Structure formats: C-alpha cells, structure tokens
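Working notes, structure below.
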Amino acid sequence: MKRLFSILAIACIMAFGTVNATTNAYTVEAATTAVATTFQEEEPAEDPSFTQVVKERFIEGGPFFMGIVLLCLILGLAIAIERIIYLNLATTNSKKLTQNVEDALNSGGIEAAKEVCRNTKGPVASIFYQGLDRADEDIDAAEKAVVAYGGVQMGQLEKNVSWISLFIALAPMLGFMGTVLGMIDAFDKIEAAGDMNPSLVAGGIKVALLTTVFGLIVAIILQIFYNYIISKIDSIVNDMEDASISLMDLLVRHKK
C-alpha cells in the first residue's frame, strides 16, 4: 500500500509539473506573440525552439489520444522511478555480508549471525535470516527456507514491472488508433467536400500521424527504463543465488 501511494504521489507530481509547465509555456508564448506582432517589421522571425515545436505538435495531435499517451508516459515513469529506487536500496554487498555472518557464527553462534542479518537491509540479508532461523533443525530445512523465501523476494523485486511493459505496448497502440481515426476523419472530410483537395488530405494525415509519433516516443523512453530495471533485477537475483550457496556452505561447516 505504501508503494502504491508513493507511485501515485510521483505520478501526481509529474502530472502537476507537466500541466504547470504547459500553462507557463502558453503564457510565455502569448506574450512573445504580442511582442513579435508589435515589432514584426523591425526584427526578423526566429526559429522556434525544440520545446515549442514539441508543444505545437502535441496540440495538433488532438487532446484525447495525446492526453492518454501522455498519461501512459507519466504513470510508466512513476512506476519506473519507484522500482529503480527500491532496487537500489535492495542492493547489498553480499560478500561483505557473508563474511560478517561467518565471523558472527564463529564468535557468537546462530543468534549473533541472525542479529547481523537483522541489522542489514536487502533481500540477501532476509534470505540469510530465514536460513539461519531454521539452522537448528537441519540443513535440508534451512535450504528449503532459503529457496522458498528467495522466491518471495524475487516477487517483491518484480512487483509492478509488468505495468511498465503494459504502457510500453499500450502507448504505440493508442498512437496507431489515433492515426486510423484521424485518417477516417480525413476521408470523411473529403467525402463531405466532394473534392480531392490535397491540402485537406495532407492536413488530416499529418494530424493523424502525430499520435503515432508520440506513442512511439513514449514506448522508446519506457523501454529504456524497463531494460535497466530488468537487468538490475537479474543482477540482484544472481547475487541472491550466489549468497544462498555461500550460506549453505557456512551452515555445513558450522554443523561440523
């Protein structure tokens, strides 16, 4: 529930920032237009900036589909940022932890080793604690606890990642839908006009294609974050597996 609130908070902040930036851009653009109109004969027109071009193209694409595509970007980035923060906090120096657990086992036994795991954050420390908690029974019980809790921790690492892949697939599909509907609208105008006006067709097709462009841009941005998150999860999972093997070796030596 806390992670859900954090995702929603990040999404609201990003949405508010986008709306605020757009409002400010409109205000600046209106003032700039007024000044440019006044001094049009005195100064030559300057080329529009990249942000102005993007904003104009976004408005031309239509508020409905472009707004949904923008919402996919905001929600996808919010989940991606939350996952990146969580995964960075979950990263542990497993070699150092293994050494500390081994020293605690040799000096104070199981309870001292469990205390080391309690004072360490991350899934590796949690797996170590579950294995040490059942070390008094036998090695097989400890190994089963490590394997079972490892699956639980893997599920925590992969939580909400599927939503990012959904937004990656949804954004270009919404763009394609906007393009198809825009093309239909352009042909409806041609049919109503009864004449094949090139400017009418070109304008409708341009507006229709803008939704596809922005949908692909959103998908590309989220895909980069998605691949980084997946690689981070794979790294942590491999670390968990190596650390689990090291823990079993420690417990076998301790039993002897």
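We label chains A, B, ... in the order they appear in the structure tokens, count residues from 1 in each chain, and number ligands from 1 in the order shown.
By chain and then residue number, the residues within 8 Å of Thr211 (chain A) are Gly61, Phe65, Met66, Leu174, Gly175, Phe176, Gly178, Thr179, Val207, Ala208, Leu209, Val213, Phe214 and Gly215 of chain A, counting only C-alpha atoms and disregarding those fewer than 2 positions away in sequence.
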Export of prior selection with N, CA, C and O atoms as a CSV table (one decimal), in the first residue's frame:
chain,number,residue,atom,x,y,z
A,61,GLY,N,-1.9,17.2,-32.5
A,61,GLY,CA,-2.3,15.7,-32.5
A,61,GLY,C,-3.7,15.5,-31.9
A,61,GLY,O,-4.2,14.4,-32.0
A,65,PHE,N,-6.4,11.5,-27.6
A,65,PHE,CA,-5.4,10.4,-27.7
A,65,PHE,C,-4.0,10.9,-27.2
A,65,PHE,O,-3.3,10.1,-26.6
A,66,MET,N,-3.6,12.1,-27.5
A,66,MET,CA,-2.4,12.6,-27.0
A,66,MET,C,-2.3,12.7,-25.5
A,66,MET,O,-1.3,12.4,-24.8
A,174,LEU,N,-2.2,3.0,-28.9
A,174,LEU,CA,-3.1,4.2,-28.8
A,174,LEU,C,-2.7,5.2,-30.0
A,174,LEU,O,-3.6,5.8,-30.6
A,175,GLY,N,-1.4,5.3,-30.2
A,175,GLY,CA,-1.0,6.2,-31.3
A,175,GLY,C,-1.5,5.7,-32.7
A,175,GLY,O,-2.0,6.5,-33.5
A,176,PHE,N,-1.4,4.4,-32.9
A,176,PHE,CA,-1.9,3.8,-34.1
A,176,PHE,C,-3.4,4.0,-34.2
A,176,PHE,O,-4.0,4.3,-35.3
A,178,GLY,N,-5.2,6.4,-32.9
A,178,GLY,CA,-5.4,7.8,-33.2
A,178,GLY,C,-5.1,8.1,-34.7
A,178,GLY,O,-5.9,8.9,-35.3
A,179,THR,N,-4.1,7.4,-35.2
A,179,THR,CA,-3.8,7.6,-36.6
A,179,THR,C,-4.9,7.1,-37.5
A,179,THR,O,-5.4,7.8,-38.5
A,207,VAL,N,-2.0,15.4,-38.9
A,207,VAL,CA,-2.5,15.3,-37.5
A,207,VAL,C,-2.6,13.9,-37.1
A,207,VAL,O,-2.3,13.5,-35.9
A,208,ALA,N,-3.1,13.0,-38.0
A,208,ALA,CA,-3.2,11.6,-37.6
A,208,ALA,C,-1.9,10.9,-37.3
A,208,ALA,O,-1.8,10.2,-36.3
A,209,LEU,N,-0.9,11.2,-38.0
A,209,LEU,CA,0.4,10.6,-37.8
A,209,LEU,C,1.1,11.1,-36.5
A,209,LEU,O,2.0,10.4,-36.0
A,213,VAL,N,3.6,9.1,-33.8
A,213,VAL,CA,5.0,9.5,-33.4
A,213,VAL,C,5.2,9.6,-31.9
A,213,VAL,O,6.1,9.1,-31.3
A,214,PHE,N,4.2,10.3,-31.3
A,214,PHE,CA,4.3,10.5,-29.8
A,214,PHE,C,4.2,9.1,-29.1
A,214,PHE,O,4.8,8.9,-28.0
A,215,GLY,N,3.3,8.2,-29.6
A,215,GLY,CA,3.2,6.9,-29.0
A,215,GLY,C,4.5,6.1,-29.0
A,215,GLY,O,4.9,5.5,-28.1
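Residue neighbourhood of Asn88 (chain A), excluding near-sequence residues (fewer than 4 positions): Ile81, Glu82, Arg83, Ile84, Thr92, Asn93, Lys121, Gly122, Pro123, Leu157, Tyr228, Ile229, Lys232, Ile233, Ser235 and Ile236 of chain A, at 12 Å, using only C-alpha atoms.
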_So the first atom is CA of Glu158 (chain A) and the second is CA of Ile230 (chain A); what is the distance between them in Å, to one decimal place?_
8.3 Å
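Distances here use only C-alpha atoms; by that measure, the residue among A:Ala192, A:Leu87, A:Ile217, A:Cys72 closest to Ser231 (chain A) is A:Leu87.
Closest to Leu170 (chain A) among A:Ala186, A:Val218, A:Ile110, A:Val152 is A:Val218, based on only C-alpha atoms.
Residues in contact with Asn227 (chain A) at up to 12 Å, not including ones fewer than 3 positions away on its chain and judged by only C-alpha atoms, are Ala80, Ile84, Val161, Ile164, Ser165, Ile168, Ala219, Ile220, Ile221, Leu222, Gln223, Ile224, Ile230, Ser231, Lys232, Ile233 and Asp234 of chain A.
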Would you mind exporting N, CA and C atoms of the selected residues as a JSON list (two decimals), in the first residue's frame?
[["chain", "number", "residue", "atom", "x", "y", "z"],
["A", 80, "ALA", "N", 8.55, 3.31, -12.92],
["A", 80, "ALA", "CA", 9.96, 3.02, -13.18],
["A", 80, "ALA", "C", 10.86, 3.68, -12.13],
["A", 84, "ILE", "N", 13.28, 1.71, -9.54],
["A", 84, "ILE", "CA", 14.73, 1.97, -9.53],
["A", 84, "ILE", "C", 15.19, 2.31, -8.12],
["A", 161, "VAL", "N", 6.47, -4.29, -12.29],
["A", 161, "VAL", "CA", 7.25, -4.17, -13.53],
["A", 161, "VAL", "C", 6.39, -4.48, -14.74],
["A", 164, "ILE", "N", 4.85, -1.50, -16.45],
["A", 164, "ILE", "CA", 5.69, -0.75, -17.39],
["A", 164, "ILE", "C", 5.62, -1.37, -18.78],
["A", 165, "SER", "N", 5.69, -2.71, -18.84],
["A", 165, "SER", "CA", 5.58, -3.37, -20.14],
["A", 165, "SER", "C", 4.21, -3.13, -20.77],
["A", 168, "ILE", "N", 4.35, 0.26, -22.30],
["A", 168, "ILE", "CA", 5.19, 0.22, -23.50],
["A", 168, "ILE", "C", 4.38, -0.29, -24.70],
["A", 219, "ALA", "N", 6.94, 4.88, -25.95],
["A", 219, "ALA", "CA", 7.35, 3.48, -25.85],
["A", 219, "ALA", "C", 8.88, 3.35, -25.78],
["A", 220, "ILE", "N", 9.59, 4.14, -26.56],
["A", 220, "ILE", "CA", 11.06, 4.09, -26.55],
["A", 220, "ILE", "C", 11.60, 4.52, -25.19],
["A", 221, "ILE", "N", 11.06, 5.61, -24.64],
["A", 221, "ILE", "CA", 11.54, 6.09, -23.34],
["A", 221, "ILE", "C", 11.30, 5.04, -22.25],
["A", 222, "LEU", "N", 10.10, 4.49, -22.21],
["A", 222, "LEU", "CA", 9.78, 3.50, -21.17],
["A", 222, "LEU", "C", 10.56, 2.20, -21.38],
["A", 223, "GLN", "N", 10.85, 1.86, -22.65],
["A", 223, "GLN", "CA", 11.61, 0.64, -22.92],
["A", 223, "GLN", "C", 13.02, 0.73, -22.35],
["A", 224, "ILE", "N", 13.62, 1.91, -22.42],
["A", 224, "ILE", "CA", 14.96, 2.09, -21.85],
["A", 224, "ILE", "C", 14.94, 1.86, -20.35],
["A", 230, "ILE", "N", 15.02, -4.51, -15.58],
["A", 230, "ILE", "CA", 15.16, -5.96, -15.72],
["A", 230, "ILE", "C", 16.60, -6.40, -15.48],
["A", 231, "SER", "N", 17.55, -5.65, -16.03],
["A", 231, "SER", "CA", 18.96, -6.00, -15.81],
["A", 231, "SER", "C", 19.34, -5.87, -14.34],
["A", 232, "LYS", "N", 18.77, -4.87, -13.66],
["A", 232, "LYS", "CA", 19.04, -4.70, -12.23],
["A", 232, "LYS", "C", 18.46, -5.85, -11.43],
["A", 233, "ILE", "N", 17.25, -6.28, -11.78],
["A", 233, "ILE", "CA", 16.63, -7.41, -11.09],
["A", 233, "ILE", "C", 17.45, -8.68, -11.31],
["A", 234, "ASP", "N", 17.89, -8.92, -12.55],
["A", 234, "ASP", "CA", 18.70, -10.11, -12.83],
["A", 234, "ASP", "C", 19.99, -10.11, -12.02]]
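Checking A:Ile68, A:Leu77, A:Val101, A:Val146 one by one against Phe225 (chain A), counting only C-alpha atoms, you find the shortest gap at A:Leu77.
Proximity to Phe64 (chain A) was assessed for A:Met154, A:Ile139, A:Val147, A:Leu181 counting only C-alpha atoms; the smallest distance is recorded for A:Leu181.
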